[in-house]
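Asks: For reference, the structure I am asking about is given below.
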Amino acid sequence: MLSIRPSVTKHALSVFGRSIHPELFHNHRTRLIARTHYRARIDITSDGHVIAFTGSRGTTMTEVVGSLQQSLPQQRKLFEMSLRGKYVEEIQGKRGLRYSSQFELDHVAPDMFWMLQNQLQHCPTPEGMVYSFDSSGRIPFGAISYVHLEQRERQLLVQAFHTFPDDHAIVKSTSTFWVDA
């Protein structure tokens with residue numbers, strides 16, 4: 001089965017004050033984290049990624065970077081924005097959950113893109129997850145998703161890089177989830 005990522009122009013960031021069923025996505029890599037004050041599920045999907053963060057009081061916030069064609073629920077959607085340019089968002093959730101995100105879409109020169117693409121493909125660490133997608137046919141290799149995780153007692157920091165070879169574009173994000181004391 002081919003795993004080709006849709007164009008970057010057809011992507012958005014959505015944040016929900018609830019969990020989203022993992023069955024809605026085609027997941028390529030998954031990491032589960034369980035700490036004293038939270039648990040998290042991080043998935044690299046065919047479109048980008050999904051992060052479900054649940055605090056110790058049972059409240060969940062979910063970040064989805066994915067295709068605009070993806071069928072997502074509208075209930076408890078806290079935020080949605082097309083992936084364009086650069087922006088910062090902060091959300092105070094229920095029951096002591098907080099979320100902050102910085103996103104940037106960069107279109108880079110082809111030589112810089114190939115260098116970054118190669119670095120991402122060869123930098124997996126125990127704290128990271130990487131997935132290489134199939135080629136779209138126009139360029140001889142496919143997109144790459146790299147997700148780096150930093151876990152703290154009440155905080156999860158997620159840095160994600162998603163490449164789009166046909167567009168010479170890279171989506172960079174840093175998302176932080178907190179559980180207040």
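Letters for chains follow the order of the structure tokens (A, B, ...), residue numbers begin at 1 for each chain, and ligand numbers begin at 1 in the order shown.
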Report as number ranges by chain: the residues of chain A with a DSSP assignment of strand (DSSP E or B), based on the backbone of this structure.

Replies: A: 11-16, 27-34, 38-45, 49-55, 60-67, 77-82, 86-92, 97-107, 128-132, 144-151, 155-164, 169-179

Asks: Using only C-alpha atoms, determine which residues lie at most 9 Å from Phe25 (chain A), disregarding the query and same-chain residues fewer than 5 positions distant; provide the list as a ChimeraX atom specification.

Replies: /A:45-47,50,70

Asks: May I have the selected residues written with N, CA and C atoms, as a PDB file, in the first residue's frame?

Replies:
ATOM      1  N   THR A  45       0.981  10.092  11.272  1.00  0.00           N
ATOM      2  CA  THR A  45      -0.084   9.635  10.393  1.00  0.00           C
ATOM      3  C   THR A  45       0.288   9.900   8.936  1.00  0.00           C
ATOM      4  N   SER A  46      -0.550   9.437   8.037  1.00  0.00           N
ATOM      5  CA  SER A  46      -0.288   9.662   6.612  1.00  0.00           C
ATOM      6  C   SER A  46      -0.320  11.139   6.254  1.00  0.00           C
ATOM      7  N   ASP A  47      -1.001  11.971   7.044  1.00  0.00           N
ATOM      8  CA  ASP A  47      -1.103  13.398   6.772  1.00  0.00           C
ATOM      9  C   ASP A  47      -0.158  14.253   7.606  1.00  0.00           C
ATOM     10  N   VAL A  50      -0.794  13.144  15.195  1.00  0.00           N
ATOM     11  CA  VAL A  50      -1.862  13.296  16.183  1.00  0.00           C
ATOM     12  C   VAL A  50      -1.219  13.102  17.552  1.00  0.00           C
ATOM     13  N   GLN A  70      -9.498  15.359   5.764  1.00  0.00           N
ATOM     14  CA  GLN A  70      -9.690  14.392   6.842  1.00  0.00           C
ATOM     15  C   GLN A  70     -11.000  14.696   7.561  1.00  0.00           C
TER      16      GLN A  70
END

Asks: How close does region 38-101 of chain A get to region 170-181 of chain A? List, as JSON lines, each residue of region 38-101 of chain A within 9 Å, its nearest atom pair and the distance in Å to one decimal, counting only C-alpha atoms.

Replies:
{"residue": "A:Tyr38", "atom": "CA", "partner": "A:Val179", "partner_atom": "CA", "distance": 7.3}
{"residue": "A:Phe53", "atom": "CA", "partner": "A:Phe177", "partner_atom": "CA", "distance": 7.2}
{"residue": "A:Thr54", "atom": "CA", "partner": "A:Val179", "partner_atom": "CA", "distance": 8.9}
{"residue": "A:Gly55", "atom": "CA", "partner": "A:Val179", "partner_atom": "CA", "distance": 6.2}
{"residue": "A:Ser56", "atom": "CA", "partner": "A:Val179", "partner_atom": "CA", "distance": 8.0}
{"residue": "A:Met61", "atom": "CA", "partner": "A:Phe177", "partner_atom": "CA", "distance": 8.4}
{"residue": "A:Glu63", "atom": "CA", "partner": "A:Ser175", "partner_atom": "CA", "distance": 8.7}
{"residue": "A:Leu83", "atom": "CA", "partner": "A:Val171", "partner_atom": "CA", "distance": 7.9}
{"residue": "A:Arg95", "atom": "CA", "partner": "A:Asp180", "partner_atom": "CA", "distance": 8.4}
{"residue": "A:Gly96", "atom": "CA", "partner": "A:Asp180", "partner_atom": "CA", "distance": 4.9}
{"residue": "A:Leu97", "atom": "CA", "partner": "A:Val179", "partner_atom": "CA", "distance": 4.9}
{"residue": "A:Arg98", "atom": "CA", "partner": "A:Trp178", "partner_atom": "CA", "distance": 5.0}
{"residue": "A:Tyr99", "atom": "CA", "partner": "A:Phe177", "partner_atom": "CA", "distance": 4.7}
{"residue": "A:Ser100", "atom": "CA", "partner": "A:Thr176", "partner_atom": "CA", "distance": 5.3}
{"residue": "A:Ser101", "atom": "CA", "partner": "A:Ser175", "partner_atom": "CA", "distance": 4.3}

Asks: Env of Gln151 (chain A): 12 Å cut, atoms = only C-alpha atoms, seq-sep filter 4 positions within chain, self excluded. Answer as a list in words.

Replies: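 In the requested form, the answer reads Leu32, Ile33, Ala34, Arg35, Thr36, His37, Tyr38, Arg39, Ala40, Glu127, Gly128, Gln155, Leu156, Leu157, Val158, Gln159, Thr176, Phe177 and Trp178 of chain A.
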
Asks: For the selection you just gave me, I'd like the residues written to a file as an mmCIF file, in the first residue's frame, keeping N, CA and C atoms.

Replies:
data_model
loop_
_atom_site.group_PDB
_atom_site.id
_atom_site.type_symbol
_atom_site.label_atom_id
_atom_site.label_comp_id
_atom_site.auth_asym_id
_atom_site.auth_seq_id
_atom_site.Cartn_x
_atom_site.Cartn_y
_atom_site.Cartn_z
ATOM 1 N N LEU A 32 3.618 5.561 23.011
ATOM 2 C CA LEU A 32 2.770 5.761 24.185
ATOM 3 C C LEU A 32 3.653 6.192 25.346
ATOM 4 N N ILE A 33 3.192 7.184 26.081
ATOM 5 C CA ILE A 33 3.937 7.699 27.232
ATOM 6 C C ILE A 33 3.004 7.671 28.434
ATOM 7 N N ALA A 34 3.507 7.187 29.556
ATOM 8 C CA ALA A 34 2.731 7.198 30.799
ATOM 9 C C ALA A 34 3.618 7.772 31.897
ATOM 10 N N ARG A 35 3.194 8.889 32.463
ATOM 11 C CA ARG A 35 3.884 9.536 33.576
ATOM 12 C C ARG A 35 2.902 9.611 34.740
ATOM 13 N N THR A 36 3.376 10.051 35.886
ATOM 14 C CA THR A 36 2.521 10.155 37.065
ATOM 15 C C THR A 36 1.322 11.069 36.819
ATOM 16 N N HIS A 37 1.540 12.216 36.148
ATOM 17 C CA HIS A 37 0.497 13.229 36.008
ATOM 18 C C HIS A 37 -0.175 13.264 34.636
ATOM 19 N N TYR A 38 0.274 12.445 33.705
ATOM 20 C CA TYR A 38 -0.359 12.428 32.387
ATOM 21 C C TYR A 38 0.010 11.162 31.636
ATOM 22 N N ARG A 39 -0.741 10.946 30.564
ATOM 23 C CA ARG A 39 -0.391 9.919 29.581
ATOM 24 C C ARG A 39 -0.608 10.539 28.208
ATOM 25 N N ALA A 40 0.123 10.051 27.234
ATOM 26 C CA ALA A 40 0.035 10.620 25.888
ATOM 27 C C ALA A 40 0.205 9.521 24.852
ATOM 28 N N GLU A 127 14.517 9.320 21.710
ATOM 29 C CA GLU A 127 13.465 10.292 21.993
ATOM 30 C C GLU A 127 12.654 10.640 20.748
ATOM 31 N N GLY A 128 13.023 10.083 19.591
ATOM 32 C CA GLY A 128 12.364 10.481 18.358
ATOM 33 C C GLY A 128 11.702 9.336 17.624
ATOM 34 N N GLN A 155 4.905 17.871 32.061
ATOM 35 C CA GLN A 155 4.961 18.547 30.764
ATOM 36 C C GLN A 155 5.483 17.602 29.678
ATOM 37 N N LEU A 156 4.919 17.744 28.483
ATOM 38 C CA LEU A 156 5.390 17.015 27.316
ATOM 39 C C LEU A 156 5.669 18.036 26.216
ATOM 40 N N LEU A 157 6.887 18.039 25.708
ATOM 41 C CA LEU A 157 7.287 18.912 24.606
ATOM 42 C C LEU A 157 7.445 18.042 23.366
ATOM 43 N N VAL A 158 6.797 18.444 22.284
ATOM 44 C CA VAL A 158 6.845 17.685 21.036
ATOM 45 C C VAL A 158 7.310 18.614 19.918
ATOM 46 N N GLN A 159 8.435 18.270 19.307
ATOM 47 C CA GLN A 159 8.916 19.002 18.135
ATOM 48 C C GLN A 159 8.702 18.101 16.929
ATOM 49 N N THR A 176 3.654 22.178 23.342
ATOM 50 C CA THR A 176 3.870 21.840 24.737
ATOM 51 C C THR A 176 2.520 21.634 25.408
ATOM 52 N N PHE A 177 2.430 20.534 26.127
ATOM 53 C CA PHE A 177 1.243 20.205 26.915
ATOM 54 C C PHE A 177 1.668 20.210 28.384
ATOM 55 N N TRP A 178 0.867 20.872 29.254
ATOM 56 C CA TRP A 178 1.168 20.919 30.674
ATOM 57 C C TRP A 178 0.003 20.442 31.487
#

Asks: Which polymer residues have any atom within 9 Å of an atom of Tyr131 (chain A), counting only C-alpha atoms, with same-chain residues fewer than 5 positions away left out, as an MDAnalysis selection string?

Replies: chainID A and resid 28:29 44 121 143:146

Asks: Set out as a Markdown table a contact list for region 103-137 of chain A and region 11-21 of chain A with a cut-off of 12 Å, giving each residue of region 103-137 of chain A that qualifies its closest atom pair and distance in Å to one decimal, counting only C-alpha atoms, ordered by chain and rising residue number.

Replies:
| residue | atom | partner | partner_atom | distance |
| --- | --- | --- | --- | --- |
| A:Phe103 | CA | A:Leu13 | CA | 8.9 |
| A:Glu104 | CA | A:Leu13 | CA | 11.1 |
| A:Leu105 | CA | A:His11 | CA | 10.7 |

Asks: Check the DSSP output for the backbone and give back, as a PyMOL selection string, the residues of region 30-172 of chain A in helix (DSSP H, G or I).

Replies: chain A and resi 110-121+165-167

Asks: Residues near Pro6 (chain A), anyone? I mean within 12 Å using only C-alpha atoms, not counting same-chain ones fewer than 5 positions away, as a PyMOL selection string.

Replies: chain A and resi 11-12+45-48+65-70+133-136+142-143+162-167

Asks: Given only C-alpha atoms as the basis, pick out the residue of A:Ile51, A:Leu78, A:Leu72, A:Ala109 nearest to Asn27 (chain A).

Replies: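 Looking at the shortest contact to Asn27 (chain A), the residue is A:Ile51.
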
Asks: Quick one: pull the distance between CA of Ala169 (chain A) and CA of Trp114 (chain A), Å, one decimal.

Replies: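 These atoms are spaced 10.5 Å apart.
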
Asks: Return the single residue from A:Thr62, A:Thr30, A:Gln92, A:Gln117 that is closest to Val147 (chain A), with distances computed using only C-alpha atoms.

Replies: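 Going through A:Thr62, A:Thr30, A:Gln92, A:Gln117 one by one, the smallest distance to Val147 (chain A) is for A:Thr30.
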
Asks: Provide the CA of Val88 (chain A) to CA of Thr59 (chain A) distance in Å, to one decimal place.

Replies: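 The value is 22.8 Å.
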